[in-house]
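Asker: One structure is given below, represented as structure tokens, and several questions about it will come after.
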Amino acid sequence: RKEVEQDPGPFNVPEGATVAFNCTYSNSASQSFFWYRQDCRKEPKLLMSVYSSGNEDGRFTAQLNRASQYISLLIRDSKLSDSATYLCVVRWTDKLIFGTGTRLQVFP
Amino acid sequence: NAGVTQTPKFRVLKTGQSMTLLCAQDMNHEYMYWYRQDPGMGLRLIHYSVGEGTTAKGEVPDGYNVSRLKKQNFLLGLESAAPSQTSVYFCASSSQGADTQYFGPGTRLTVL
């Protein structure tokens with residue numbers, strides 16, 4: 001079983017749509033949680049951290065459920081520029097464990 | 001600030017050849033990491049360092065060696081390249097105790 005599991009997609013959505021990504025992790029001792037974004041043939045970049053209380057950054061909302069070991073990312077009012085791969089990431093000790101990513105394609 | 005840079009950007013090797021990938025960061029970060037990214041596998045940690053002069057194995061260390069002689073540099077070596085090492089290699093750094101890792105632009109390596 002992978003330590004961090006994501007639906008690989010792709011998710012193809014029209015501009016303006018709301019889309020949600022989910023992720024599960026296996027290590028209950030994981031310490032911190034993140035979503036990274038990776039554009040095609042580019043390096044990953046931090047999108048946002050994820051907290052149990054839920055957190056929002058503009059059109060992006062992230063949620064953590066420690067009891068279910070489940071992380072989510074909601075994107076509202078999708079833009080063409082949101083097209084990318086979204087990586088679910090979990091921290092354990094000094095290391096980050098990456099999911100394989102969910103690809104999002106927003107079309108006009 | 002350049003952030004995290006990687007040299008070279010692209011390289012083609014023949015089986016059995018050796019090479020060194022260089023990662024440099026100008027953010028005074030303590031921690032540095034080497035990952036490989038393959039289709040369907042995600043990012044996998046090869047080796048990492050928690051400070052100058054230290055190194056530790058990650059998830060997939062076999063066939064690679066590393067050195068951290070200077071705080072700003074982290075070198076990844078392939079002593080005898082194999083086709084299975086064809087991949088995109090990313091270096092990252094973070095400050096001590098911080099969660100955010102900053103990535104370099106990657107090195108695309110092909111081993112024939």
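Within each chain, counting starts at residue 1; across the structure tokens, chains are named A, B, ... in the order shown, with ligands numbered 1 upward in that order.
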Write down, as a PyMOL selection string, each residue of chain A that has any atom within 10 Å of an atom of chain B, counting only C-alpha atoms.
Answerer: chain A and resi 2+8+31-34+36+41-46+48-49+87+90-91+93-101
Asker: Any idea what's packed within 9 Å of Met32 in chain B, counting only C-alpha atoms, ignoring anything in its chain fewer than 2 positions away? Could you give it as a ChimeraX atom specification?
Answerer: /B:23,25,29-30,34,47-51,68,71-74,91-95,101
Asker: Nearest residue to Val66 in chain B out of B:Val111, B:Val12, B:Val4, B:Ile46, using only C-alpha atoms?
Answerer: B:Ile46
Asker: Write out as a list in words the residues lying within 10 Å of Gly16 in chain A, counting only C-alpha atoms and excluding same-chain residues fewer than 5 positions away.
Answerer: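 Counting only C-alpha atoms, the residues come to Ile75, Arg76, Asp77, Ser78, Lys79, Leu80, Val106, Phe107 and Pro108 of chain A.
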Asker: Can you list, as a ChimeraX atom specification, every residue of range 8-110 of chain B that DSSP puts in strand (DSSP E or B)?
Answerer: /B:10-13,19-25,31-38,42-49,56-57,65-67,73-78,87-94,102-103,107-110
Asker: CA of Val50 in chain A and CA of Pro61 in chain B, how far apart in Å?
Answerer: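 Result for CA of Pro61 in chain B versus CA of Val50 in chain A: 29.4 Å, one decimal.
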